[in-house]
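Since the structure comes first, as structure tokens, the remarks are kept for the end.
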Amino acid sequence: MEIRKGIAVSPGVSIARALVIDSREQRIPRRSILPSQRANEVGRVSEAFLGAIQELTTLQSGTNIDQDNIRDIFAVHLRFLQDASFRRRITDFIEKELTTAEYAVSTILREIASHFAGIDDPYISERAADIFDIEKRLLQKLVGKARDMMDPLGEEVIVIANDLTPTQTAGFSKTQVRGFATEKGGRTSHTAIIARTLGIPAVVALGDITGSVSADSRIIIDGNRGVIVIDPSEDTIQEYREYAQNLRRLGLKLDSLRDKPAATRDGVAVTLLGNVEFPDEAKMVKEKGGQGIGLYRTEFLYLYSGTEPTEEDHYQAYAETVRSFEGKPVVIRTMDLGADKVPHGHKLHEANPVLGLRSIRYCLQNLPLFKTQLRGLLRASVLGDIRIMFPLIGNLQELRQAKMILRDVMEDLDEYAIPYNPLVPVGIMIETPSAALTASMLAGDCDFFSIGTNDLIQYTLAVDRANEHVSTMFTAADPAVLGLIRSVIHDAHKAKIGLSVCGEVASEPEFIMLLLGMGVRTLSLAPPMIPEVKQIIRSVTIEECNFLARKVGAMDSQRQIKNYIRDAAMKIMPEAF
Ligand code: PEP
Ligand code: MG
């Protein structure tokens with residue numbers, strides 16, 4: 001028996017035989033062509049794109065795929081294939097380098113994939129899997145080989161692979177594939193999103209496992225705790241059967257909460273909003289009972305398409321989301337680019353990019369880019385309850401500058417009589433210690449704060465949020481971080497402006513009572529976690545939360561705080577731990 005720990009990306013527990021998928025990368029050799037063959041190879045590229053587009057269109061409207069999220073992912077692949085500049089990169093490569101269409105497709109797609117993979121944002125970096133998926137589809141059209149679809153399976157299996165593409169995952173039969181475990185991946189990959197949509201337990205980032213699992217190994221996959229057990233003992237199997245039974249009961253109970261209010265036992269209402277990266281994900285927020293969107297990360301518009309978004313691209317993306325939310329709040333954060341999140345042609349070379357020209361600083365030095373987004377955003381503001389949020393504000397001057405640009409854009413729109421909401425609420429993310437420490441000053445110039453704990457922890461504790469070597473030091477359960485959060489809440493309440501928390505802590509069960517006890521009443525979190533967080537809220541009284549927050553306020557070490565809040569959450573929802 002061997003236990004391996006990875007990252008839990010889709011909850012649930014299953015026990016089944018392993019199916020190891022050998023996903024060694026197909027290498028395309030460089031083959032040169034004669035100048036006279038250029039036109040022929042360029043023509044083959046066009047045919048391959050056409051074939052892939054037709055195939056995806058059929059898949060997207062296929063009757064056997066009834067999950068909207070999956071259809072949306074095919075739509076994203078389609079948009080990519082329909083992007084003329086992307087195709088031009090491939091044909092230009094053929095023209096210049098005189099290579100086969102296969103080699104050009106493979107080289108350009110891998111270039112794009114490695115650009116994504118190198119971006120310091122897990123959500124964006126994991127988009128590389130989608131690019132590999134598109135590469136595979138195009139190569140299959142060029143080479144004419146059957147895609148590596150799953151053969152019909154005779155029995156239930158847990159798929160073990162180095163990595164899986166989103167469409168491979170979408171092709172899994174839920175009744176036969178009872179889980180998947182991969183060596184690579186992260187919690188925000190499309191593959192993970194699909195796993196959650198299909199309700200298939202999944203654990204990723206397990207390191208080298210394909211070598212440790214044989215074809216007849218038995219596997220337990222625990223998608224709640226991010227664990228797989230290879231060849232478990234009979235006692236372990238029994239233990240997990242009971243655990244799975246408890247989880248099933250909990251799932252049924254949580255599903256029944258969807259339309260119930262998120263209020264504590266003593267009647268204090270809490271607003272639960274969703275964090276989204278793509279307009280398509282807004283649907284999941286509603287399915288899980290979210291009351292709006294508290295953080296719409298707009299970076300995908302710049303990074304995923306490979307081209308700079310136009311005002312119309314911005315408008316369409318925001319309009320689609322806000323229309324689907326019918327009067328509910330949709331907080332759109334202006335682009336958080338910079339550091340490694342830079343679109344093509346804007347690459348900066350900085351020694352410390354996280355401390356460099358990122359986010360609002362980048363916007364204020366790239367006004368045309370910023371104004372294009374603000375125009376799209378303002379135009380969409382007449383369609384519903386859109387709110388604008390500026391990221392990484394470090395001081396009052398920066399906030400005032402950003403607001404001045406916003407006013408300039410409003411004046412431009414006035415000149416052309418283009419409608420927008422002149423009273424659109426404007427808020428800021430509090431994610432730097434300087435903003436937290438001057439929150440009382442900032443509050444006078446904005447309508448709301450949203451505490452971004454991911455960056456606030458990083459900058460307060462000087463711990464890189466993406467560096468696995470210091471990951472155990474990265475926690476909100478630290479007296480310094482909690483002290484800042486507490487004072488921001490106090491300042492927001494005093495100034496009577498809106499306040500929410502949108503960093504990952506808002507989705508971590510052990511932090512919910514503490515946040516409520518510190519005075520937070522709006523949380524914005526990953527959509528799949530909404531029911532669980534709602535259940536915690538509905539199980540406690542504000543008095544209990546206040547008591548817990550007072551106790552934690554007197555503690556002086558991370559370990560003490562972590563243990564205390566975890567014990568309290570376990571008492572409320574033991575099934576979730
Ligand atoms: C944060 O920093 O907490 C946050 C929500 O923003 P992001 O994770 O996009 O940096
Ligand atoms: Mg942030």
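Residues in the structure tokens are named by chain (A, B, ... in the order shown) and by number from 1 within that chain; ligands are numbered from 1 in the order shown.
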Close residues to ligand 1 using only C-alpha atoms and all ligand atoms, limit 6 Å, as JSON, numbers by chain:
{"A": [431, 452, 453, 454, 455, 502, 503]}
With DSSP run on the backbone, what are the strand (DSSP E or B) residues within stretch 52-239 of chain A? I'd like them as a list in words.
Thr99, Val157, Ile158, Val159, Ile160, Ala161, Val177, Arg178, Gly179, Phe180, Ala181, Thr182, Ala202, Val203, Val204, Arg218, Ile219, Ile220, Ile221, Asp222, Val227, Ile228, Val229 and Ile230 of chain A
Given a cut-off of 12 Å, what residues near ligand 2 show up using only C-alpha atoms and all ligand atoms, put as an MDAnalysis selection string?
chainID A and resid 120:121 295:297 299 333:339 341 354 358:360 389:393 428:432 450:459 465 501:504
Could you name the residues that touch stretch 199-216 of chain A at 8 Å or less, counting only C-alpha atoms, but leaving out those on the same chain fewer than 3 positions away, as number ranges by chain?
A: 4-14, 17-20, 160-162, 174, 177-187, 192, 195-196, 221-223, 226-228, 230
Which of A:Thr264, A:Ser434, A:Asn224, A:Gln560 sits closest to A:Glu544 [using only C-alpha atoms]
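Comparing A:Thr264, A:Ser434, A:Asn224, A:Gln560 against A:Glu544, the winner is A:Thr264.
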For A:Phe80, work out the shell of residues within 10 Å, counting only C-alpha atoms and skipping chain neighbours fewer than 3 positions away, then give it as an MDAnalysis selection string.
chainID A and resid 53 74:77 83:87 130:131 134 304:306
Using the selection just defined, write its residues with all heavy atoms as a compact mmCIF listing (two decimals), in the first residue's frame.
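Heads up, here's the output in again_30.txt:
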```txt
# COMPACT_ATOMS: atom_id res chain seq x y z
N ILE A 53 -12.35 22.83 -36.94
CA ILE A 53 -13.49 23.70 -36.59
C ILE A 53 -14.80 22.93 -36.76
O ILE A 53 -15.68 22.95 -35.89
CB ILE A 53 -13.48 25.00 -37.43
CG1 ILE A 53 -12.32 25.90 -36.97
CG2 ILE A 53 -14.80 25.75 -37.34
CD1 ILE A 53 -12.02 27.09 -37.85
N PHE A 74 -15.22 23.78 -25.50
CA PHE A 74 -15.10 23.61 -26.95
C PHE A 74 -15.22 24.97 -27.63
O PHE A 74 -14.55 25.24 -28.62
CB PHE A 74 -16.17 22.65 -27.48
CG PHE A 74 -15.96 21.21 -27.04
CD1 PHE A 74 -17.03 20.41 -26.70
CD2 PHE A 74 -14.69 20.68 -26.97
CE1 PHE A 74 -16.83 19.09 -26.28
CE2 PHE A 74 -14.48 19.37 -26.56
CZ PHE A 74 -15.56 18.57 -26.22
N ALA A 75 -16.08 25.82 -27.09
CA ALA A 75 -16.27 27.15 -27.70
C ALA A 75 -14.97 27.95 -27.61
O ALA A 75 -14.60 28.66 -28.55
CB ALA A 75 -17.40 27.90 -27.01
N VAL A 76 -14.27 27.83 -26.48
CA VAL A 76 -13.01 28.55 -26.33
C VAL A 76 -12.00 28.03 -27.36
O VAL A 76 -11.31 28.80 -28.03
CB VAL A 76 -12.45 28.37 -24.89
CG1 VAL A 76 -11.04 28.89 -24.79
CG2 VAL A 76 -13.35 29.08 -23.89
N HIS A 77 -11.94 26.70 -27.55
CA HIS A 77 -11.03 26.13 -28.55
C HIS A 77 -11.41 26.64 -29.94
O HIS A 77 -10.54 26.96 -30.76
CB HIS A 77 -11.11 24.60 -28.52
CG HIS A 77 -10.45 24.01 -27.31
ND1 HIS A 77 -10.14 22.68 -27.19
CD2 HIS A 77 -10.05 24.58 -26.15
CE1 HIS A 77 -9.56 22.46 -26.02
NE2 HIS A 77 -9.52 23.60 -25.36
N ASP A 83 -9.28 32.44 -34.82
CA ASP A 83 -8.49 33.67 -34.71
C ASP A 83 -7.48 33.73 -35.89
O ASP A 83 -6.57 32.90 -35.99
CB ASP A 83 -7.76 33.63 -33.36
CG ASP A 83 -6.90 34.85 -33.13
OD1 ASP A 83 -6.59 35.55 -34.11
OD2 ASP A 83 -6.53 35.10 -31.97
N ALA A 84 -7.68 34.71 -36.77
CA ALA A 84 -6.88 34.78 -38.00
C ALA A 84 -5.39 34.97 -37.70
O ALA A 84 -4.53 34.42 -38.38
CB ALA A 84 -7.39 35.90 -38.88
N SER A 85 -5.07 35.75 -36.63
CA SER A 85 -3.66 36.04 -36.38
C SER A 85 -2.91 34.79 -35.91
O SER A 85 -1.73 34.61 -36.19
CB SER A 85 -3.52 37.16 -35.35
OG SER A 85 -4.02 36.73 -34.14
N PHE A 86 -3.63 33.93 -35.23
CA PHE A 86 -3.04 32.68 -34.76
C PHE A 86 -2.67 31.80 -35.97
O PHE A 86 -1.56 31.28 -36.09
CB PHE A 86 -4.06 32.01 -33.83
CG PHE A 86 -3.82 30.56 -33.56
CD1 PHE A 86 -2.64 30.12 -33.00
CD2 PHE A 86 -4.82 29.62 -33.84
CE1 PHE A 86 -2.44 28.77 -32.74
CE2 PHE A 86 -4.63 28.29 -33.58
CZ PHE A 86 -3.43 27.86 -33.04
N ARG A 87 -3.60 31.70 -36.92
CA ARG A 87 -3.35 30.88 -38.11
C ARG A 87 -2.20 31.50 -38.93
O ARG A 87 -1.36 30.80 -39.47
CB ARG A 87 -4.62 30.80 -38.96
CG ARG A 87 -4.52 29.72 -40.01
CD ARG A 87 -5.75 29.61 -40.87
NE ARG A 87 -6.99 29.51 -40.11
CZ ARG A 87 -8.17 29.28 -40.68
NH1 ARG A 87 -8.27 29.09 -41.97
NH2 ARG A 87 -9.26 29.22 -39.96
N ASP A 130 -4.95 23.38 -22.79
CA ASP A 130 -5.89 23.58 -23.90
C ASP A 130 -5.14 23.71 -25.22
O ASP A 130 -5.59 23.22 -26.25
CB ASP A 130 -6.72 24.85 -23.67
CG ASP A 130 -7.66 24.69 -22.51
OD1 ASP A 130 -8.62 23.94 -22.65
OD2 ASP A 130 -7.41 25.30 -21.46
N ILE A 131 -4.00 24.37 -25.17
CA ILE A 131 -3.23 24.57 -26.40
C ILE A 131 -2.73 23.22 -26.91
O ILE A 131 -2.77 22.92 -28.10
CB ILE A 131 -2.04 25.54 -26.17
CG1 ILE A 131 -2.55 26.86 -25.57
CG2 ILE A 131 -1.28 25.79 -27.46
CD1 ILE A 131 -3.47 27.66 -26.46
N ILE A 134 -5.50 21.53 -28.65
CA ILE A 134 -5.74 22.05 -30.00
C ILE A 134 -4.66 21.51 -30.96
O ILE A 134 -4.93 21.13 -32.09
CB ILE A 134 -5.75 23.60 -29.99
CG1 ILE A 134 -6.93 24.10 -29.16
CG2 ILE A 134 -5.81 24.17 -31.40
CD1 ILE A 134 -6.91 25.59 -28.84
N TYR A 304 -5.28 34.70 -23.04
CA TYR A 304 -5.72 33.44 -23.61
C TYR A 304 -5.81 33.52 -25.12
O TYR A 304 -5.51 32.57 -25.84
CB TYR A 304 -7.05 33.03 -23.00
CG TYR A 304 -7.39 31.59 -23.24
CD1 TYR A 304 -6.40 30.62 -23.12
CD2 TYR A 304 -8.67 31.20 -23.57
CE1 TYR A 304 -6.70 29.29 -23.34
CE2 TYR A 304 -8.97 29.88 -23.79
CZ TYR A 304 -7.98 28.93 -23.67
OH TYR A 304 -8.26 27.62 -23.89
N SER A 305 -6.25 34.66 -25.65
CA SER A 305 -6.46 34.73 -27.09
C SER A 305 -5.16 34.98 -27.84
O SER A 305 -5.08 34.76 -29.02
CB SER A 305 -7.44 35.86 -27.40
OG SER A 305 -6.79 37.08 -27.22
N GLY A 306 -4.13 35.45 -27.13
CA GLY A 306 -2.86 35.70 -27.81
C GLY A 306 -2.86 37.05 -28.54
O GLY A 306 -1.85 37.46 -29.07
```
Determine the nearest neighbour of A:Val45 from the options A:Gly289, A:Val159, A:Ala506, A:Asp92, counting only C-alpha atoms.
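Under the stated criterion, the closest residue is A:Asp92.
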Please tabulate, as JSON lines, the residues of stretch 267-342 of chain A that come within 7 Å of stretch 377-387 of chain A, each with its closest pair of atoms and the distance in Å to one decimal, counting only C-alpha atoms and ordering rows by chain, then residue number upward.
```
{"residue": "A:His314", "atom": "CA", "partner": "A:Leu377", "partner_atom": "CA", "distance": 6.7}
{"residue": "A:Tyr315", "atom": "CA", "partner": "A:Ala380", "partner_atom": "CA", "distance": 5.8}
{"residue": "A:Tyr318", "atom": "CA", "partner": "A:Ala380", "partner_atom": "CA", "distance": 6.3}
{"residue": "A:Ala319", "atom": "CA", "partner": "A:Ala380", "partner_atom": "CA", "distance": 5.4}
{"residue": "A:Val322", "atom": "CA", "partner": "A:Gly384", "partner_atom": "CA", "distance": 5.8}
{"residue": "A:Arg323", "atom": "CA", "partner": "A:Leu383", "partner_atom": "CA", "distance": 6.5}
{"residue": "A:Glu326", "atom": "CA", "partner": "A:Gly384", "partner_atom": "CA", "distance": 6.5}
{"residue": "A:Gly327", "atom": "CA", "partner": "A:Gly384", "partner_atom": "CA", "distance": 5.2}
{"residue": "A:Lys328", "atom": "CA", "partner": "A:Asp385", "partner_atom": "CA", "distance": 5.9}
{"residue": "A:Pro329", "atom": "CA", "partner": "A:Asp385", "partner_atom": "CA", "distance": 4.9}
{"residue": "A:Val330", "atom": "CA", "partner": "A:Ile386", "partner_atom": "CA", "distance": 5.0}
{"residue": "A:Val331", "atom": "CA", "partner": "A:Arg387", "partner_atom": "CA", "distance": 4.6}
{"residue": "A:Ile332", "atom": "CA", "partner": "A:Arg387", "partner_atom": "CA", "distance": 6.1}
```
What does the file look like for those residues with N, CA, C and O atoms, as a PDB file, in the first residue's frame?
```
ATOM      1  N   HIS A 314     -14.045  43.484 -24.924  1.00  0.00           N
ATOM      2  CA  HIS A 314     -14.334  43.751 -23.508  1.00  0.00           C
ATOM      3  C   HIS A 314     -15.842  43.855 -23.307  1.00  0.00           C
ATOM      4  O   HIS A 314     -16.412  43.201 -22.436  1.00  0.00           O
ATOM      5  N   TYR A 315     -16.465  44.675 -24.128  1.00  0.00           N
ATOM      6  CA  TYR A 315     -17.900  44.917 -23.974  1.00  0.00           C
ATOM      7  C   TYR A 315     -18.677  43.596 -24.030  1.00  0.00           C
ATOM      8  O   TYR A 315     -19.503  43.316 -23.153  1.00  0.00           O
ATOM      9  N   TYR A 318     -18.231  41.358 -20.856  1.00  0.00           N
ATOM     10  CA  TYR A 318     -18.903  41.850 -19.651  1.00  0.00           C
ATOM     11  C   TYR A 318     -20.424  41.845 -19.833  1.00  0.00           C
ATOM     12  O   TYR A 318     -21.170  41.530 -18.895  1.00  0.00           O
ATOM     13  N   ALA A 319     -20.850  42.178 -21.072  1.00  0.00           N
ATOM     14  CA  ALA A 319     -22.291  42.222 -21.332  1.00  0.00           C
ATOM     15  C   ALA A 319     -22.903  40.835 -21.132  1.00  0.00           C
ATOM     16  O   ALA A 319     -23.941  40.683 -20.478  1.00  0.00           O
ATOM     17  N   VAL A 322     -23.077  40.140 -17.289  1.00  0.00           N
ATOM     18  CA  VAL A 322     -24.005  40.942 -16.492  1.00  0.00           C
ATOM     19  C   VAL A 322     -25.450  40.663 -16.908  1.00  0.00           C
ATOM     20  O   VAL A 322     -26.352  40.625 -16.063  1.00  0.00           O
ATOM     21  N   ARG A 323     -25.665  40.382 -18.186  1.00  0.00           N
ATOM     22  CA  ARG A 323     -27.031  40.059 -18.618  1.00  0.00           C
ATOM     23  C   ARG A 323     -27.509  38.783 -17.942  1.00  0.00           C
ATOM     24  O   ARG A 323     -28.647  38.671 -17.524  1.00  0.00           O
ATOM     25  N   GLU A 326     -28.892  39.363 -14.298  1.00  0.00           N
ATOM     26  CA  GLU A 326     -30.143  40.096 -14.091  1.00  0.00           C
ATOM     27  C   GLU A 326     -30.214  40.909 -12.801  1.00  0.00           C
ATOM     28  O   GLU A 326     -30.870  40.504 -11.838  1.00  0.00           O
ATOM     29  N   GLY A 327     -29.533  42.016 -12.786  1.00  0.00           N
ATOM     30  CA  GLY A 327     -29.668  42.929 -11.648  1.00  0.00           C
ATOM     31  C   GLY A 327     -28.808  42.582 -10.451  1.00  0.00           C
ATOM     32  O   GLY A 327     -28.742  43.348  -9.488  1.00  0.00           O
ATOM     33  N   LYS A 328     -28.128  41.438 -10.481  1.00  0.00           N
ATOM     34  CA  LYS A 328     -27.266  41.091  -9.341  1.00  0.00           C
ATOM     35  C   LYS A 328     -25.882  41.706  -9.571  1.00  0.00           C
ATOM     36  O   LYS A 328     -25.492  41.964 -10.713  1.00  0.00           O
ATOM     37  N   PRO A 329     -25.134  41.940  -8.494  1.00  0.00           N
ATOM     38  CA  PRO A 329     -23.838  42.618  -8.677  1.00  0.00           C
ATOM     39  C   PRO A 329     -22.829  41.792  -9.467  1.00  0.00           C
ATOM     40  O   PRO A 329     -22.731  40.574  -9.288  1.00  0.00           O
ATOM     41  N   VAL A 330     -22.093  42.476 -10.333  1.00  0.00           N
ATOM     42  CA  VAL A 330     -20.987  41.851 -11.065  1.00  0.00           C
ATOM     43  C   VAL A 330     -19.794  42.795 -10.925  1.00  0.00           C
ATOM     44  O   VAL A 330     -19.774  43.882 -11.504  1.00  0.00           O
ATOM     45  N   VAL A 331     -18.853  42.410 -10.089  1.00  0.00           N
ATOM     46  CA  VAL A 331     -17.686  43.260  -9.833  1.00  0.00           C
ATOM     47  C   VAL A 331     -16.586  42.893 -10.821  1.00  0.00           C
ATOM     48  O   VAL A 331     -16.052  41.777 -10.772  1.00  0.00           O
ATOM     49  N   ILE A 332     -16.286  43.819 -11.709  1.00  0.00           N
ATOM     50  CA  ILE A 332     -15.281  43.528 -12.730  1.00  0.00           C
ATOM     51  C   ILE A 332     -13.981  44.218 -12.352  1.00  0.00           C
ATOM     52  O   ILE A 332     -13.932  45.436 -12.161  1.00  0.00           O
TER      53      ILE A 332
END
```
DSSP on the backbone: which residues in stretch 360-570 of chain A end up as helix (DSSP H, G or I)? Give the answer as a VMD selection string.
chain A and resid 360 to 365 367 to 383 396 to 415 433 to 437 439 to 445 453 to 461 468 to 473 479 to 494 504 to 507 509 to 517 527 to 539 542 to 553 558 to 570
So how far away is atom CA of A:Leu272 from atom CA of A:Phe370, in Å?
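Going from atom CA of A:Phe370 over to atom CA of A:Leu272 covers 29.2 Å.
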Quick one: residues within 12 Å of A:Asn40, only C-alpha atoms counted, chain neighbours fewer than 6 positions away excluded, as a VMD selection string?
chain A and resid 33 to 34 46 to 47 91 94 to 95 98 to 101
For A:Arg400: contacts at 10 Å, only C-alpha atoms, fewer than 6 positions along chain excluded, given as a list in words:
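With the cut-off at 10 Å, the set is Leu406, Leu442, Asp445 and Cys446 of chain A.
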Looking at A:Gly517, A:Arg79, A:Pro527, A:Asp567, which one is nearest to A:Glu277, with distances taken over only C-alpha atoms?
A:Pro527
